[in-house]
Every structure is written in C-alpha cells, then in structure tokens.
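A short worksheet on the structure shown next.
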Amino acid sequence: MNQENTTDYDVLVIGGGNAALSAAITAREQGASVLLLECAPKHFRGGNSRHTRNMRLAHETQFEPYTGAYPAEEMWNNYIKATGGAANLDLAKMVIYDSASVLDWMKDHGVRFQPAITGTLHLSRTNAWFMGGGKAMINALYRSAEKLGVHIRYNAEVVGLDVQDGHFRSASVLMDGRTTEKIAAKAVVVAAGGFQSNPEWLRKAWGPVADNFLIRGTPYDTGTLLKILLDLGAEPIGDPTQAHMVPIDARSPKFDGGIVTRLDCVTLGIVVNKYGERFYDEGEDFWPMRYAIWGRLVAQQEDQISYVFIDSKTLDKFMPSVFPPIEGHSIAEVAEQFGLPVDKVKATVAAYNQAVQPGKFDHTIQDDCKTSGLTPPKTHWALRIDEPPFYGYPLRPGLTFTYFGLTVDKRGTVMMKGGKPAGNIYAAGEIMAGNILPKGYIGGVGLVIGNIFGRAAGAEAAGFAKNGGAQHRNSIVKEGRNNGGE
C-alpha cells in the first residue's frame, strides 16, 4: 500500500556510508535538523565504506599511527602520477591538501586507529589504519551521528526527487519496500554511491564483458540517484568505463566479497591470460599505486580471466586472500589445475626466469630486481619462479566503484547543464569522485574524497537551510566571483 506522508527537515542526506555520515554529522553540528536515509537494512549499512581499511592522509611529521612523514606535495605527486591529472585540479588539491584534517575529525567522532601494518601494501608511512576496519569506522560515525541527534532510517530507498528549476523540494522514499513517503527538506546531500551494482548499466557501458565482473562491495549502489539527477539536468562528469577496479580472486561471490577477496601478490610473481601469455609489467610501481589499473587490465583479457603465479619464496610476503592458493610441485601442475595450455605457461615462466637479472630484492622499495630483453618487462621485484611448491590464484576484475558521476564545485554543489549551480542540491563521495579521479587511483584516497566533500556539502547544506536560501546562495555566488569563480 502506498501513502504520502510529508515530513520536513533542514537537511536530507541520501546515503549511508562515510560521505553521507560526514555530511550528516557536519550539518547537525551546525544546528540543522538532519535525516539520513540508508537504503540498505541496518546490518548492511555503510555502503562500500564498511569494506575499507585505511585512509591516505598527508602529514608533515611522523606521529602515530604513521611510521614517517608524508608531505602534501608528495601525496600530490603520487596522485598526478596515478591519475594523469586530467581532472578538476582545484578540487583535487582540496582533497590532497585538506586531507591532513581528516584524522583529527575522525578521532573526534569516535574512530580509532591502529599501528600501521607492513607488507605488500607499502602504506605504513602514508595511510592511517582503522582499528577494527571499515565496519568499526562506520559504526563509530553512526554512534556519533545518533548522539548528535541525526535521525536515521534504514530500508529507505529514494525512488524520486521533486526538483524544480534546479531547486530540491522533496524526495519520494519507498520504506521497507511497502509504503512510499514524501520527505521535504530545505537542502539535500546526495551521497548514494556509483552505479557499479547495476548490471544493465555496466553492460551498456562495457558491453557483454561486464557480465564477468565481480562487484566487491554493496549490492545497493545501483546508480538510482545518479540517473534521477542526470535526467533532471545535472551535468555529468567522467567516463562510464572508468572505475576503481582491482584484481580479485575469481572464486569470489558476485557481490559484497569485500577486501578479503583482493589479491596483493601480483608484484611478487607474473600474471598470464587464458593463453598463458603475460600482458603487462607486474613490477611497474608499488601496488597501491597500480592495483586499481590491474582490474581493468584483467577486464581487457579474453573472458576477463587471468592467473598469477608465484613460488614458495614469496608466499608469505603478502596479505593472503580468503581463498587458498592453487598448489603444485611444478608450474605444469598448477597450470593444469587452471585448465591453461601447460606447454605455453611453462615456456612463459622459463622465458621470464631467463630474463631475470641479478639484484638485491627489497619489496619495501623500488628495487633493482628486473628483467632484461623481455616484453613486457618486469621493472622491479623480479625474482625467478623456481622454488617449489608453486602457487597460483585465478583473477577476475573486481569492481569497487564507478567514476562516472555528477559535476560539483568546491562546496559540493551539483552543477546543472549550462554551468548553473543547483539551488540546494549537493553531492559527496563516489557519486562525484569522477571530478577528482578521471582514471587510476592511489590507495586510501576514496574515503578522503568522501569525508572532505561530505563535510563541505553538509556545511553548505546547513548554511543554506539556516541562512535563508536564496540570500545564502547569492552570497556564495558573489564570493565565487570575487575569488575568480571555481
């Protein structure tokens, strides 16, 4: 049964992850009445954020939980190298240079951090790790939001928005899959993720190959709010085929396998396609700088399947997947279990071993262990694969979130076609990450985008709601003109 119940708030936040909570908490701290709508049930709350582990944050000196300094300029250079810099660099600088503020904000809202871990992730100096992982982080932020008086409703699927002349009026919300309610607010923050859990949309962007993608995170990110806003005239940004996509164990579930399905051993071995052929440099850079392109590389292989081979020398040098490796006393045994052309795989490994040059292996730096005369080369961490037993993992593209989304300004205001800002519509998190991420990724930056723009959007929405709507917007436009615009 459908019924229309109208409820009014200062700020409506649509979404339930890090970005949405950052917006809701900020708006509430500024005195706004806030309702947060999470389309998932309570035990699945948090979107992709519940699968995270850490955040990449600039810091000028060494202090807990880091093992060394990570200046903002270095983080900026890492970002440019990984993404190519073909983004809104003003917004990107906002993320990188404001990231130093995130640690204290998180701590102030109950999030706890642990000492950095070591291994193939190479993040002990650059990233802060959550005590208890992303689920604990999300739970802490929900506790903080509830304590502040943010109203929260679960199983609340927004199925429509009433927007007139770029001005949000209300949302139609399907509650518990049964009744539809109309919820009005003076401003709205949309932090409802990308469209990675929408098979039809993925197939439209990628073609039939998308059927072989595994979705690492929440099944609730179907892009509904993104499509609604685009249909209402919001300005899109990004390439629908660009995404955070990493190689994960091919035995993983279709949805929601999470971080434990990721494989971090690519830099320690070699990767072949179904024909037993290598296709890219496994040692090009540190894994957090390249893991988000490897999913795309696997997606470009026939049948979207690949296989990583290592030996006993490196088995204990990476964080293992939840699935055990395929094991054999020879490369042939492992290849045979995968159903690969055994002779070709043996020849590929032999050619690689022959090309490996003497060097001093050190997985904590870009060492001098490399190949010579091999195409593609392996430029770092090249060790012969010759010490049994041998191991392998099957790889599929693991899609985390899509980069195609909404164009925003530095306040998180959604831009409409023609360059006009929406009157009271803001966005944060994955739904606008394409402004900063045209391609590529640096490990741990997604949560930073969500927090920085969640706080910006929450503050802006609260200011709009509390300070008289049009008058507030006029002051913003005037300020933007005085500052040379966006």
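Just remember, in the structure tokens the first chain shown is A, the second B, etc., residues are 1-based per chain, and ligands are 1-based in the order shown.
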What lies within 10 Å of Tyr280 in chain A using only C-alpha atoms, ignoring chain neighbours under 2 positions off, as an mmCIF file with N, CA and C atoms, in the first residue's frame?
```
data_model
loop_
_atom_site.group_PDB
_atom_site.id
_atom_site.type_symbol
_atom_site.label_atom_id
_atom_site.label_comp_id
_atom_site.auth_asym_id
_atom_site.auth_seq_id
_atom_site.Cartn_x
_atom_site.Cartn_y
_atom_site.Cartn_z
ATOM 1 N N ILE A 270 54.237 -13.372 -11.709
ATOM 2 C CA ILE A 270 53.862 -12.974 -13.064
ATOM 3 C C ILE A 270 52.386 -13.303 -13.266
ATOM 4 N N VAL A 271 51.762 -12.583 -14.192
ATOM 5 C CA VAL A 271 50.339 -12.767 -14.490
ATOM 6 C C VAL A 271 50.203 -13.137 -15.961
ATOM 7 N N VAL A 272 49.418 -14.180 -16.230
ATOM 8 C CA VAL A 272 49.180 -14.616 -17.608
ATOM 9 C C VAL A 272 47.684 -14.637 -17.880
ATOM 10 N N GLU A 277 49.936 -16.210 -21.657
ATOM 11 C CA GLU A 277 50.814 -15.113 -22.063
ATOM 12 C C GLU A 277 50.769 -13.965 -21.061
ATOM 13 N N ARG A 278 51.953 -13.415 -20.748
ATOM 14 C CA ARG A 278 51.986 -12.189 -19.951
ATOM 15 C C ARG A 278 51.512 -11.023 -20.817
ATOM 16 N N GLU A 282 54.333 -6.381 -14.215
ATOM 17 C CA GLU A 282 53.823 -6.604 -12.865
ATOM 18 C C GLU A 282 54.552 -5.766 -11.814
ATOM 19 N N GLY A 283 55.750 -5.280 -12.139
ATOM 20 C CA GLY A 283 56.545 -4.529 -11.172
ATOM 21 C C GLY A 283 56.698 -3.060 -11.511
ATOM 22 N N GLU A 284 55.702 -2.501 -12.183
ATOM 23 C CA GLU A 284 55.790 -1.125 -12.657
ATOM 24 C C GLU A 284 55.914 -0.129 -11.510
ATOM 25 N N TRP A 294 44.968 -2.713 -12.478
ATOM 26 C CA TRP A 294 45.085 -4.127 -12.823
ATOM 27 C C TRP A 294 43.734 -4.795 -13.027
ATOM 28 N N LEU A 297 43.013 -4.100 -16.531
ATOM 29 C CA LEU A 297 43.861 -4.922 -17.415
ATOM 30 C C LEU A 297 43.292 -6.331 -17.547
ATOM 31 N N VAL A 298 42.859 -6.893 -16.435
ATOM 32 C CA VAL A 298 42.253 -8.228 -16.486
ATOM 33 C C VAL A 298 40.950 -8.179 -17.285
ATOM 34 N N THR A 375 59.510 -8.806 -23.130
ATOM 35 C CA THR A 375 58.369 -7.938 -23.420
ATOM 36 C C THR A 375 57.079 -8.648 -23.026
ATOM 37 N N PRO A 376 56.273 -8.013 -22.155
ATOM 38 C CA PRO A 376 56.583 -6.788 -21.412
ATOM 39 C C PRO A 376 57.637 -7.050 -20.339
ATOM 40 N N PRO A 377 58.351 -6.007 -19.937
ATOM 41 C CA PRO A 377 59.371 -6.201 -18.900
ATOM 42 C C PRO A 377 58.736 -6.339 -17.528
ATOM 43 N N LYS A 378 59.540 -6.722 -16.562
ATOM 44 C CA LYS A 378 59.176 -6.549 -15.164
ATOM 45 C C LYS A 378 60.276 -5.699 -14.552
#
```
Polymer residues at most 10 Å from range 379-388 of chain A, only C-alpha atoms, same-chain spacing of 4 or more positions, as a PyMOL selection string: chain A and resi 267-270+281-286+309-314+327-331+349-350+352-372
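Counting from CA of Thr241 in chain A, the distance to CA of Arg56 in chain A is 24.6 Å.
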Could you pull the residues within 8 Å of Phe323 in chain A, counting only C-alpha atoms, minus those fewer than 5 positions along the same chain, as a VMD selection string? chain A and resid 249 251 261
Of A:Leu230, A:Ile14, A:Ile80, A:Leu123, the one sitting nearest Ser172 in chain A when using only C-alpha atoms is A:Ile14
Atomic separation - CA of Leu161 in chain A relative to CA of Thr224 in chain A, Å: 10.8 Å
Write out as an mmCIF file with N, CA and C atoms, in the first residue's frame the residues lying within 8 Å of range 132-143 of chain A, counting only C-alpha atoms and excluding same-chain residues fewer than 5 positions away.
```cif
data_model
loop_
_atom_site.group_PDB
_atom_site.id
_atom_site.type_symbol
_atom_site.label_atom_id
_atom_site.label_comp_id
_atom_site.auth_asym_id
_atom_site.auth_seq_id
_atom_site.Cartn_x
_atom_site.Cartn_y
_atom_site.Cartn_z
ATOM 1 N N GLY A 17 27.079 5.737 3.863
ATOM 2 C CA GLY A 17 28.495 5.463 4.070
ATOM 3 C C GLY A 17 29.245 6.639 4.652
ATOM 4 N N ASN A 18 30.547 6.597 4.501
ATOM 5 C CA ASN A 18 31.428 7.630 5.050
ATOM 6 C C ASN A 18 31.055 9.031 4.594
ATOM 7 N N LEU A 21 27.638 10.124 6.153
ATOM 8 C CA LEU A 21 27.768 10.378 7.585
ATOM 9 C C LEU A 21 28.565 11.639 7.855
ATOM 10 N N SER A 22 29.607 11.880 7.076
ATOM 11 C CA SER A 22 30.388 13.109 7.233
ATOM 12 C C SER A 22 29.512 14.329 6.993
ATOM 13 N N GLY A 46 26.299 1.272 5.556
ATOM 14 C CA GLY A 46 27.666 1.748 5.368
ATOM 15 C C GLY A 46 28.197 1.709 3.955
ATOM 16 N N SER A 49 31.985 1.705 2.334
ATOM 17 C CA SER A 49 32.879 2.137 3.410
ATOM 18 C C SER A 49 33.118 1.034 4.431
ATOM 19 N N ARG A 50 32.146 0.146 4.609
ATOM 20 C CA ARG A 50 32.337 -0.897 5.615
ATOM 21 C C ARG A 50 33.387 -1.925 5.200
ATOM 22 N N HIS A 51 33.767 -1.928 3.930
ATOM 23 C CA HIS A 51 34.800 -2.857 3.463
ATOM 24 C C HIS A 51 36.197 -2.232 3.456
ATOM 25 N N THR A 52 36.320 -0.991 3.856
ATOM 26 C CA THR A 52 37.609 -0.306 3.767
ATOM 27 C C THR A 52 38.495 -0.653 4.956
ATOM 28 N N ARG A 53 39.743 -0.210 4.869
ATOM 29 C CA ARG A 53 40.686 -0.473 5.954
ATOM 30 C C ARG A 53 41.468 0.761 6.384
ATOM 31 N N ASN A 54 41.652 1.712 5.471
ATOM 32 C CA ASN A 54 42.564 2.805 5.772
ATOM 33 C C ASN A 54 42.259 4.028 4.934
ATOM 34 N N HIS A 109 35.130 11.959 16.327
ATOM 35 C CA HIS A 109 33.832 11.318 16.198
ATOM 36 C C HIS A 109 33.909 9.824 16.494
ATOM 37 N N GLY A 110 34.908 9.453 17.283
ATOM 38 C CA GLY A 110 34.948 8.113 17.848
ATOM 39 C C GLY A 110 35.688 7.053 17.079
ATOM 40 N N VAL A 111 36.280 7.404 15.939
ATOM 41 C CA VAL A 111 37.001 6.416 15.138
ATOM 42 C C VAL A 111 38.381 6.184 15.755
ATOM 43 N N ARG A 112 38.756 4.937 15.886
ATOM 44 C CA ARG A 112 40.051 4.587 16.467
ATOM 45 C C ARG A 112 40.972 4.036 15.390
#
```
Residues flagged strand (DSSP E or B) by DSSP in range 73-313 of chain A, as a PyMOL selection string: chain A and resi 113-114+127-130+151-153+156-164+167-175+179-190+214-215+234+236-237+243-249+255+262+270-273+278+306-311
Of A:Pro247, A:Gly444, A:Gly450, A:Gly418, the one sitting nearest Gly295 in chain A when using only C-alpha atoms is A:Pro247
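Comparing the minimum interatomic distances between Asp409 in chain A and each of A:Asp256, A:Asp104, A:Glu60, A:Glu460, counting only C-alpha atoms, we find that A:Glu460 sits nearest.
If you measure from each of A:Arg296, A:Arg178, A:Arg203, A:Lys317 to Gln242 in chain A using only C-alpha atoms, the closest one turns out to be A:Arg296.
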Under the rule that only C-alpha atoms are counted, which of A:Val445, A:Ala250, A:Ile237, A:Leu374 is the nearest residue to Thr407 in chain A? A:Ile237
The residue from A:Pro41, A:Gly458, A:Gly47, A:Gly446 with the smallest atom-to-atom distance to Val189 in chain A, counting only C-alpha atoms, is A:Gly458
10 Å contact set for Pro324 in chain A, only C-alpha atoms, chain neighbours under 2 positions out, as a PyMOL selection string: chain A and resi 249+320-322+326-327+391-393
Serialized selection, C-alpha atoms, as a short mmCIF file (atom, residue, chain, number, x, y, z; two decimals), in the first residue's frame:
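File produced: result23.cif:
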```cif
data_model
loop_
_atom_site.label_atom_id
_atom_site.label_comp_id
_atom_site.auth_asym_id
_atom_site.auth_seq_id
_atom_site.Cartn_x
_atom_site.Cartn_y
_atom_site.Cartn_z
CA ASP A 249 40.09 -13.98 -6.59
CA PRO A 320 46.56 -13.62 1.52
CA SER A 321 43.10 -13.86 0.03
CA VAL A 322 40.33 -15.59 1.94
CA ILE A 326 46.18 -23.49 -6.05
CA GLU A 327 49.31 -25.52 -5.25
CA TYR A 391 51.22 -21.45 -6.26
CA GLY A 392 48.62 -19.63 -8.31
CA TYR A 393 45.42 -17.65 -7.99
#
```
For CA of Ala422 in chain A and CA of Gly166 in chain A, determine how far apart the two atoms are, in Å to one decimal place. 4.7 Å
